[in-house]
$ cat data-v2.pdb   # PDB, C-alpha atoms and all ligand atoms
MODEL        1
ATOM      1  CA  MET A   1       2.505  38.370  57.780  1.00  0.00           C
ATOM      2  CA  GLU A   2       4.357  39.200  54.555  1.00  0.00           C
ATOM      3  CA  GLY A   3       1.163  39.263  52.435  1.00  0.00           C
ATOM      4  CA  SER A   4      -0.758  41.463  54.846  1.00  0.00           C
ATOM      5  CA  LEU A   5       2.316  43.608  55.472  1.00  0.00           C
ATOM      6  CA  ALA A   6       2.630  44.383  51.754  1.00  0.00           C
ATOM      7  CA  ILE A   7      -1.015  45.539  51.670  1.00  0.00           C
ATOM      8  CA  TYR A   8      -0.556  47.655  54.786  1.00  0.00           C
ATOM      9  CA  ARG A   9       2.606  49.278  53.437  1.00  0.00           C
ATOM     10  CA  GLY A  10       0.900  49.936  50.102  1.00  0.00           C
ATOM     11  CA  LEU A  11      -1.968  51.680  51.873  1.00  0.00           C
ATOM     12  CA  ARG A  12       0.310  53.773  54.085  1.00  0.00           C
ATOM     13  CA  ASP A  13       2.703  54.665  51.272  1.00  0.00           C
ATOM     14  CA  SER A  14      -0.366  55.849  49.336  1.00  0.00           C
ATOM     15  CA  ASN A  15      -1.225  58.187  52.214  1.00  0.00           C
ATOM     16  CA  ILE A  16      -4.398  56.326  53.049  1.00  0.00           C
ATOM     17  CA  ASP A  17      -5.286  57.702  56.487  1.00  0.00           C
ATOM     18  CA  PHE A  18      -8.887  56.549  57.002  1.00  0.00           C
ATOM     19  CA  ILE A  19      -9.677  52.832  57.009  1.00  0.00           C
ATOM     20  CA  THR A  20     -12.923  51.109  57.872  1.00  0.00           C
ATOM     21  CA  GLY A  21     -14.593  47.835  57.055  1.00  0.00           C
ATOM     22  CA  VAL A  22     -15.970  44.511  58.212  1.00  0.00           C
ATOM     23  CA  PRO A  23     -13.590  41.660  59.151  1.00  0.00           C
ATOM     24  CA  CYS A  24     -12.932  38.390  57.345  1.00  0.00           C
ATOM     25  CA  ALA A  25     -10.729  35.633  58.764  1.00  0.00           C
ATOM     26  CA  ASN A  26      -8.234  36.325  55.979  1.00  0.00           C
ATOM     27  CA  LEU A  27      -8.015  40.028  56.912  1.00  0.00           C
ATOM     28  CA  LYS A  28      -7.066  39.450  60.548  1.00  0.00           C
ATOM     29  CA  ASN A  29      -3.348  40.181  60.181  1.00  0.00           C
ATOM     30  CA  LEU A  30      -3.996  43.299  58.088  1.00  0.00           C
ATOM     31  CA  ILE A  31      -6.561  44.596  60.578  1.00  0.00           C
ATOM     32  CA  SER A  32      -4.087  43.961  63.387  1.00  0.00           C
ATOM     33  CA  LEU A  33      -1.479  46.117  61.607  1.00  0.00           C
ATOM     34  CA  VAL A  34      -4.010  48.880  60.923  1.00  0.00           C
ATOM     35  CA  GLU A  35      -5.340  48.908  64.496  1.00  0.00           C
ATOM     36  CA  LYS A  36      -1.823  49.470  65.866  1.00  0.00           C
ATOM     37  CA  ASP A  37      -1.127  52.448  63.604  1.00  0.00           C
ATOM     38  CA  ASN A  38      -1.782  55.648  65.559  1.00  0.00           C
ATOM     39  CA  ASP A  39      -1.217  57.767  62.458  1.00  0.00           C
ATOM     40  CA  LEU A  40      -4.399  56.625  60.781  1.00  0.00           C
ATOM     41  CA  THR A  41      -8.060  56.328  61.730  1.00  0.00           C
ATOM     42  CA  TYR A  42      -9.496  52.798  61.776  1.00  0.00           C
ATOM     43  CA  ILE A  43     -13.211  52.398  62.458  1.00  0.00           C
ATOM     44  CA  PRO A  44     -14.716  48.874  62.502  1.00  0.00           C
ATOM     45  CA  ALA A  45     -18.076  48.946  60.697  1.00  0.00           C
ATOM     46  CA  THR A  46     -21.116  46.751  61.268  1.00  0.00           C
ATOM     47  CA  ARG A  47     -21.903  46.481  57.542  1.00  0.00           C
ATOM     48  CA  GLU A  48     -19.910  47.245  54.384  1.00  0.00           C
ATOM     49  CA  GLU A  49     -22.447  49.834  53.211  1.00  0.00           C
ATOM     50  CA  GLU A  50     -21.886  51.653  56.529  1.00  0.00           C
ATOM     51  CA  ALA A  51     -18.146  51.573  55.849  1.00  0.00           C
ATOM     52  CA  ILE A  52     -18.709  53.185  52.457  1.00  0.00           C
ATOM     53  CA  GLY A  53     -20.868  55.851  54.063  1.00  0.00           C
ATOM     54  CA  LEU A  54     -18.124  56.585  56.603  1.00  0.00           C
ATOM     55  CA  CYS A  55     -15.604  56.907  53.769  1.00  0.00           C
ATOM     56  CA  ALA A  56     -17.892  59.293  51.886  1.00  0.00           C
ATOM     57  CA  GLY A  57     -17.914  61.647  54.841  1.00  0.00           C
ATOM     58  CA  ALA A  58     -14.206  61.204  55.524  1.00  0.00           C
ATOM     59  CA  HIS A  59     -13.343  61.905  51.891  1.00  0.00           C
ATOM     60  CA  LEU A  60     -15.394  65.095  51.884  1.00  0.00           C
ATOM     61  CA  ALA A  61     -13.418  66.068  54.989  1.00  0.00           C
ATOM     62  CA  GLY A  62     -10.146  65.588  53.120  1.00  0.00           C
ATOM     63  CA  ARG A  63      -9.170  62.035  54.132  1.00  0.00           C
ATOM     64  CA  ARG A  64      -7.866  59.300  51.807  1.00  0.00           C
ATOM     65  CA  CYS A  65      -9.968  56.210  52.400  1.00  0.00           C
ATOM     66  CA  ALA A  66      -9.961  52.444  52.153  1.00  0.00           C
ATOM     67  CA  VAL A  67     -12.568  49.812  52.976  1.00  0.00           C
ATOM     68  CA  LEU A  68     -11.553  46.303  54.062  1.00  0.00           C
ATOM     69  CA  MET A  69     -14.210  43.700  53.299  1.00  0.00           C
ATOM     70  CA  GLN A  70     -14.958  40.107  52.446  1.00  0.00           C
ATOM     71  CA  ASN A  71     -16.496  39.709  48.993  1.00  0.00           C
ATOM     72  CA  SER A  72     -19.729  38.571  50.644  1.00  0.00           C
ATOM     73  CA  GLY A  73     -20.003  42.178  51.844  1.00  0.00           C
ATOM     74  CA  LEU A  74     -19.953  43.502  48.294  1.00  0.00           C
ATOM     75  CA  GLY A  75     -23.548  42.373  48.060  1.00  0.00           C
ATOM     76  CA  ASN A  76     -24.348  44.680  51.003  1.00  0.00           C
ATOM     77  CA  SER A  77     -22.585  47.578  49.273  1.00  0.00           C
ATOM     78  CA  ILE A  78     -24.167  47.861  45.837  1.00  0.00           C
ATOM     79  CA  ASN A  79     -26.668  50.602  46.593  1.00  0.00           C
ATOM     80  CA  SER A  80     -24.126  52.730  48.519  1.00  0.00           C
ATOM     81  CA  ILE A  81     -21.723  52.477  45.568  1.00  0.00           C
ATOM     82  CA  GLY A  82     -24.471  53.786  43.297  1.00  0.00           C
ATOM     83  CA  SER A  83     -26.164  56.312  45.563  1.00  0.00           C
ATOM     84  CA  LEU A  84     -23.017  57.713  47.211  1.00  0.00           C
ATOM     85  CA  CYS A  85     -19.821  56.916  45.305  1.00  0.00           C
ATOM     86  CA  LYS A  86     -21.277  57.365  41.818  1.00  0.00           C
ATOM     87  CA  ILE A  87     -23.369  60.437  42.556  1.00  0.00           C
ATOM     88  CA  TYR A  88     -20.814  62.291  44.720  1.00  0.00           C
ATOM     89  CA  GLN A  89     -17.652  60.980  43.002  1.00  0.00           C
ATOM     90  CA  ILE A  90     -16.112  59.319  46.066  1.00  0.00           C
ATOM     91  CA  PRO A  91     -12.712  57.624  45.598  1.00  0.00           C
ATOM     92  CA  ILE A  92     -12.246  54.628  47.884  1.00  0.00           C
ATOM     93  CA  LEU A  93      -9.842  51.708  47.672  1.00  0.00           C
ATOM     94  CA  PHE A  94     -11.684  48.444  48.322  1.00  0.00           C
ATOM     95  CA  ILE A  95      -9.443  45.734  49.758  1.00  0.00           C
ATOM     96  CA  ILE A  96     -11.514  42.609  49.159  1.00  0.00           C
ATOM     97  CA  SER A  97     -10.865  39.168  50.614  1.00  0.00           C
ATOM     98  CA  HIS A  98     -12.208  36.829  47.938  1.00  0.00           C
ATOM     99  CA  ARG A  99     -13.954  33.868  49.530  1.00  0.00           C
ATOM    100  CA  GLY A 100     -16.035  31.167  47.829  1.00  0.00           C
ATOM    101  CA  ASP A 101     -13.341  29.907  45.508  1.00  0.00           C
ATOM    102  CA  LEU A 102     -10.268  27.643  45.941  1.00  0.00           C
ATOM    103  CA  LYS A 103      -9.721  26.485  49.553  1.00  0.00           C
ATOM    104  CA  GLU A 104     -13.233  27.578  50.627  1.00  0.00           C
ATOM    105  CA  LYS A 105     -14.849  25.385  53.293  1.00  0.00           C
ATOM    106  CA  ILE A 106     -18.144  27.305  53.764  1.00  0.00           C
ATOM    107  CA  PRO A 107     -20.755  26.435  51.085  1.00  0.00           C
ATOM    108  CA  ALA A 108     -22.647  29.703  51.719  1.00  0.00           C
ATOM    109  CA  GLN A 109     -19.624  31.611  50.381  1.00  0.00           C
ATOM    110  CA  ILE A 110     -19.777  29.967  46.944  1.00  0.00           C
ATOM    111  CA  PRO A 111     -22.472  32.104  45.234  1.00  0.00           C
ATOM    112  CA  MET A 112     -20.826  35.452  46.002  1.00  0.00           C
ATOM    113  CA  GLY A 113     -17.504  33.858  45.176  1.00  0.00           C
ATOM    114  CA  ARG A 114     -18.827  33.332  41.655  1.00  0.00           C
ATOM    115  CA  TRP A 115     -20.593  36.691  41.355  1.00  0.00           C
ATOM    116  CA  THR A 116     -18.008  39.106  42.825  1.00  0.00           C
ATOM    117  CA  LYS A 117     -16.261  40.153  39.602  1.00  0.00           C
ATOM    118  CA  LYS A 118     -19.556  40.289  37.677  1.00  0.00           C
ATOM    119  CA  LEU A 119     -20.985  42.589  40.357  1.00  0.00           C
ATOM    120  CA  LEU A 120     -17.928  44.843  40.218  1.00  0.00           C
ATOM    121  CA  ASP A 121     -18.292  44.997  36.437  1.00  0.00           C
ATOM    122  CA  THR A 122     -21.983  45.835  36.813  1.00  0.00           C
ATOM    123  CA  VAL A 123     -21.298  48.791  39.102  1.00  0.00           C
ATOM    124  CA  GLU A 124     -18.280  49.783  36.972  1.00  0.00           C
ATOM    125  CA  VAL A 125     -15.712  49.401  39.770  1.00  0.00           C
ATOM    126  CA  PRO A 126     -12.326  48.535  38.232  1.00  0.00           C
ATOM    127  CA  TYR A 127     -10.680  45.572  39.944  1.00  0.00           C
ATOM    128  CA  TYR A 128      -7.233  43.991  40.078  1.00  0.00           C
ATOM    129  CA  CYS A 129      -6.080  40.662  41.515  1.00  0.00           C
ATOM    130  CA  PRO A 130      -2.444  40.665  42.669  1.00  0.00           C
ATOM    131  CA  LYS A 131      -0.900  37.247  43.261  1.00  0.00           C
ATOM    132  CA  THR A 132       2.245  38.207  45.223  1.00  0.00           C
ATOM    133  CA  PRO A 133       3.065  40.728  47.965  1.00  0.00           C
ATOM    134  CA  GLU A 134       5.200  42.657  45.503  1.00  0.00           C
ATOM    135  CA  GLU A 135       2.316  42.888  43.035  1.00  0.00           C
ATOM    136  CA  ALA A 136      -0.064  43.793  45.870  1.00  0.00           C
ATOM    137  CA  TYR A 137       2.089  46.716  47.008  1.00  0.00           C
ATOM    138  CA  LYS A 138       2.434  48.073  43.469  1.00  0.00           C
ATOM    139  CA  ILE A 139      -1.224  47.612  42.495  1.00  0.00           C
ATOM    140  CA  ILE A 140      -2.458  49.225  45.714  1.00  0.00           C
ATOM    141  CA  LYS A 141      -0.361  52.316  45.081  1.00  0.00           C
ATOM    142  CA  TYR A 142      -1.514  52.542  41.458  1.00  0.00           C
ATOM    143  CA  GLY A 143      -5.070  51.716  42.525  1.00  0.00           C
ATOM    144  CA  VAL A 144      -5.291  54.533  45.069  1.00  0.00           C
ATOM    145  CA  ASP A 145      -4.005  57.012  42.492  1.00  0.00           C
ATOM    146  CA  TYR A 146      -6.453  55.681  39.891  1.00  0.00           C
ATOM    147  CA  ALA A 147      -9.392  55.912  42.310  1.00  0.00           C
ATOM    148  CA  HIS A 148      -8.602  59.608  42.768  1.00  0.00           C
ATOM    149  CA  VAL A 149      -8.254  60.151  39.007  1.00  0.00           C
ATOM    150  CA  ILE A 150     -11.659  58.554  38.287  1.00  0.00           C
ATOM    151  CA  SER A 151     -13.172  59.831  41.567  1.00  0.00           C
ATOM    152  CA  TYR A 152     -14.702  56.406  42.127  1.00  0.00           C
ATOM    153  CA  PRO A 153     -13.847  53.197  43.983  1.00  0.00           C
ATOM    154  CA  VAL A 154     -11.168  50.806  42.771  1.00  0.00           C
ATOM    155  CA  ALA A 155     -11.088  47.223  44.088  1.00  0.00           C
ATOM    156  CA  VAL A 156      -8.043  45.074  44.814  1.00  0.00           C
ATOM    157  CA  ILE A 157      -9.102  41.454  45.257  1.00  0.00           C
ATOM    158  CA  PHE A 158      -7.076  38.879  47.200  1.00  0.00           C
ATOM    159  CA  ASP A 159      -7.896  35.189  46.701  1.00  0.00           C
ATOM    160  CA  ALA A 160      -7.347  32.517  49.364  1.00  0.00           C
ATOM    161  CA  LEU A 161      -3.970  31.572  47.915  1.00  0.00           C
ATOM    162  CA  TYR A 162      -2.599  35.082  48.482  1.00  0.00           C
ATOM    163  CA  TRP A 163      -2.915  34.787  52.250  1.00  0.00           C
ATOM    164  CA  GLU A 164      -0.516  31.829  52.270  1.00  0.00           C
ATOM    165  CA  TYR A 165       2.208  34.500  52.069  1.00  0.00           C
ATOM    166  CA  ASP A 166       1.254  35.435  55.625  1.00  0.00           C
ATOM    167  CA  SER A 167       2.409  32.059  56.872  1.00  0.00           C
ATOM    168  CA  LYS A 168       5.810  32.437  55.160  1.00  0.00           C
ATOM    169  CA  GLU A 169       7.427  34.422  57.990  1.00  0.00           C
TER     170      GLU A 169
HETATM  171  O1  LIG B 201     -17.666  34.911  56.570  1.00  0.00           O
HETATM  172  C1  LIG B 201     -17.211  33.922  57.186  1.00  0.00           C
HETATM  173  C2  LIG B 201     -16.632  34.081  58.522  1.00  0.00           C
HETATM  174  S1  LIG B 201     -14.917  33.913  58.454  1.00  0.00           S
HETATM  175  O2  LIG B 201     -14.597  32.631  57.763  1.00  0.00           O
HETATM  176  O3  LIG B 201     -14.348  35.061  57.714  1.00  0.00           O
HETATM  177  O4  LIG B 201     -14.464  33.884  59.871  1.00  0.00           O
ENDMDL
END

$ encode --input "data-v2.pdb" --output "C-alpha cells" --more "lines below"
Ligand SMILES: O=CCS(=O)(=O)O
Amino acid sequence: MEGSLAIYRGLRDSNIDFITGVPCANLKNLISLVEKDNDLTYIPATREEEAIGLCAGAHLAGRRCAVLMQNSGLGNSINSIGSLCKIYQIPILFIISHRGDLKEKIPAQIPMGRWTKKLLDTVEVPYYCPKTPEEAYKIIKYGVDYAHVISYPVAVIFDALYWEYDSKE
C-alpha cells in the first residue's frame, strides 16, 4: 500500500477535497483509501470526460479537485480539457495510471501507452513521472500548487513499476 498511500497523503496534504475518476486495476488501493475518507467527496465517474466536468463544477464551487484515471481515459478527455479546462481556467490534478508499457499484458493498451505523453504535450498539460513514494508525495504537493498557479490541469503519471511499492508492506 506504500505507493498508493504516498499518493493519498499527497492529495490530502494538498487539501484536495473532491476526487472523481474511472478505475484502473493499478488504482484499486488508492481508490480504497479515498472511498474510506469521510472528509472528502469521491464520486466514481463513468467516463474520464465526465470526471473532468464534475471537477469543473466543483472547482467553481470552491473545491480542490483531482481526477484518477488510466491513461487510456486520456483519449476520452481531450475535448473536455480544451472546452472546459482551457476556456474556464480549471485547475485539476490528474493522477494517471500509465498502462501499455513495461509489464503490460493487454495489447489494446499499447497504442495509448505510446501516445500518452505526446497527447499531454499537445493539450499543454504539464506532466511529471515520480518513481518512488517519496517523489510521488512531493510532486503531488508541488503539482497541486502549480495547477492552481497556471489555472489548468497538471498530470502526475505512475508507470507499472511504481505500483510494486504497494506490495512492499
Ligand atoms: O483497462 C483495463 C482493465 S484493468 O486492467 O485496469 O482491470

$ residues_near_ligand --input "data-v2.pdb" --ligand "ligand LIG 201 (chain B)" --cutoff "9 Å" --atoms "all atoms listed in the file" --output "JSON, numbers by chain"
{"A": [23, 24, 25, 26, 27, 28, 70, 72, 73, 97, 99, 104, 105, 106, 108, 109]}

$ write_last_selection --input "data-v2.pdb" --atoms "C-alpha atoms" --output "mmCIF file, in the coordinates of the input"
data_model
loop_
_atom_site.group_PDB
_atom_site.id
_atom_site.type_symbol
_atom_site.label_atom_id
_atom_site.label_comp_id
_atom_site.auth_asym_id
_atom_site.auth_seq_id
_atom_site.Cartn_x
_atom_site.Cartn_y
_atom_site.Cartn_z
ATOM 1 C CA PRO A 23 -13.590 41.660 59.151
ATOM 2 C CA CYS A 24 -12.932 38.390 57.345
ATOM 3 C CA ALA A 25 -10.729 35.633 58.764
ATOM 4 C CA ASN A 26 -8.234 36.325 55.979
ATOM 5 C CA LEU A 27 -8.015 40.028 56.912
ATOM 6 C CA LYS A 28 -7.066 39.450 60.548
ATOM 7 C CA GLN A 70 -14.958 40.107 52.446
ATOM 8 C CA SER A 72 -19.729 38.571 50.644
ATOM 9 C CA GLY A 73 -20.003 42.178 51.844
ATOM 10 C CA SER A 97 -10.865 39.168 50.614
ATOM 11 C CA ARG A 99 -13.954 33.868 49.530
ATOM 12 C CA GLU A 104 -13.233 27.578 50.627
ATOM 13 C CA LYS A 105 -14.849 25.385 53.293
ATOM 14 C CA ILE A 106 -18.144 27.305 53.764
ATOM 15 C CA ALA A 108 -22.647 29.703 51.719
ATOM 16 C CA GLN A 109 -19.624 31.611 50.381
#

$ resolve_selection --input "data-v2.pdb" --expression "the PyMOL selection byres (((chain A and resi 80-93) around 9) and not hetatm)" --output "VMD selection string"
chain A and resid 11 16 49 to 50 52 to 53 55 to 56 59 to 60 64 to 68 76 to 79 94 to 95 123 125 140 143 to 144 146 to 156

$ atom_distance --input "data-v2.pdb" --atom1 "atom CA of Glu35 of chain A" --atom2 "atom CA of Ala51 of chain A"
15.7 Å

$ atom_distance --input "data-v2.pdb" --atom1 "atom CA of Ile139 of chain A" --atom2 "atom CA of Ala45 of chain A"
24.8 Å

$ atom_distance --input "data-v2.pdb" --atom1 "atom CA of Lys118 of chain A" --atom2 "atom CA of Ile7 of chain A"
23.8 Å

$ residues_near_point --input "data-v2.pdb" --point "(-18.5, 41.3, 46.9)" --cutoff "8 Å" --atoms "only C-alpha atoms" --output "PDB file with C-alpha atoms, in the frame of the given file"
ATOM      1  CA  GLN A  70     -14.958  40.107  52.446  1.00  0.00           C
ATOM      2  CA  ASN A  71     -16.496  39.709  48.993  1.00  0.00           C
ATOM      3  CA  SER A  72     -19.729  38.571  50.644  1.00  0.00           C
ATOM      4  CA  GLY A  73     -20.003  42.178  51.844  1.00  0.00           C
ATOM      5  CA  LEU A  74     -19.953  43.502  48.294  1.00  0.00           C
ATOM      6  CA  GLY A  75     -23.548  42.373  48.060  1.00  0.00           C
ATOM      7  CA  ASN A  76     -24.348  44.680  51.003  1.00  0.00           C
ATOM      8  CA  SER A  77     -22.585  47.578  49.273  1.00  0.00           C
ATOM      9  CA  ILE A  96     -11.514  42.609  49.159  1.00  0.00           C
ATOM     10  CA  HIS A  98     -12.208  36.829  47.938  1.00  0.00           C
ATOM     11  CA  MET A 112     -20.826  35.452  46.002  1.00  0.00           C
ATOM     12  CA  GLY A 113     -17.504  33.858  45.176  1.00  0.00           C
ATOM     13  CA  TRP A 115     -20.593  36.691  41.355  1.00  0.00           C
ATOM     14  CA  THR A 116     -18.008  39.106  42.825  1.00  0.00           C
ATOM     15  CA  LYS A 117     -16.261  40.153  39.602  1.00  0.00           C
ATOM     16  CA  LEU A 119     -20.985  42.589  40.357  1.00  0.00           C
ATOM     17  CA  LEU A 120     -17.928  44.843  40.218  1.00  0.00           C
TER      18      LEU A 120
END

$ residues_around --input "data-v2.pdb" --residues "Glu164 of chain A" --least-positions-apart "4" --cutoff "12 Å" --atoms "only C-alpha atoms" --output "list of chain:residue names"
A:Met1, A:Glu2, A:Gly3, A:Ser4, A:Asn26, A:Asn29, A:Lys103, A:Lys131, A:Thr132, A:Pro133, A:Phe158, A:Asp159, A:Ala160, A:Lys168, A:Glu169
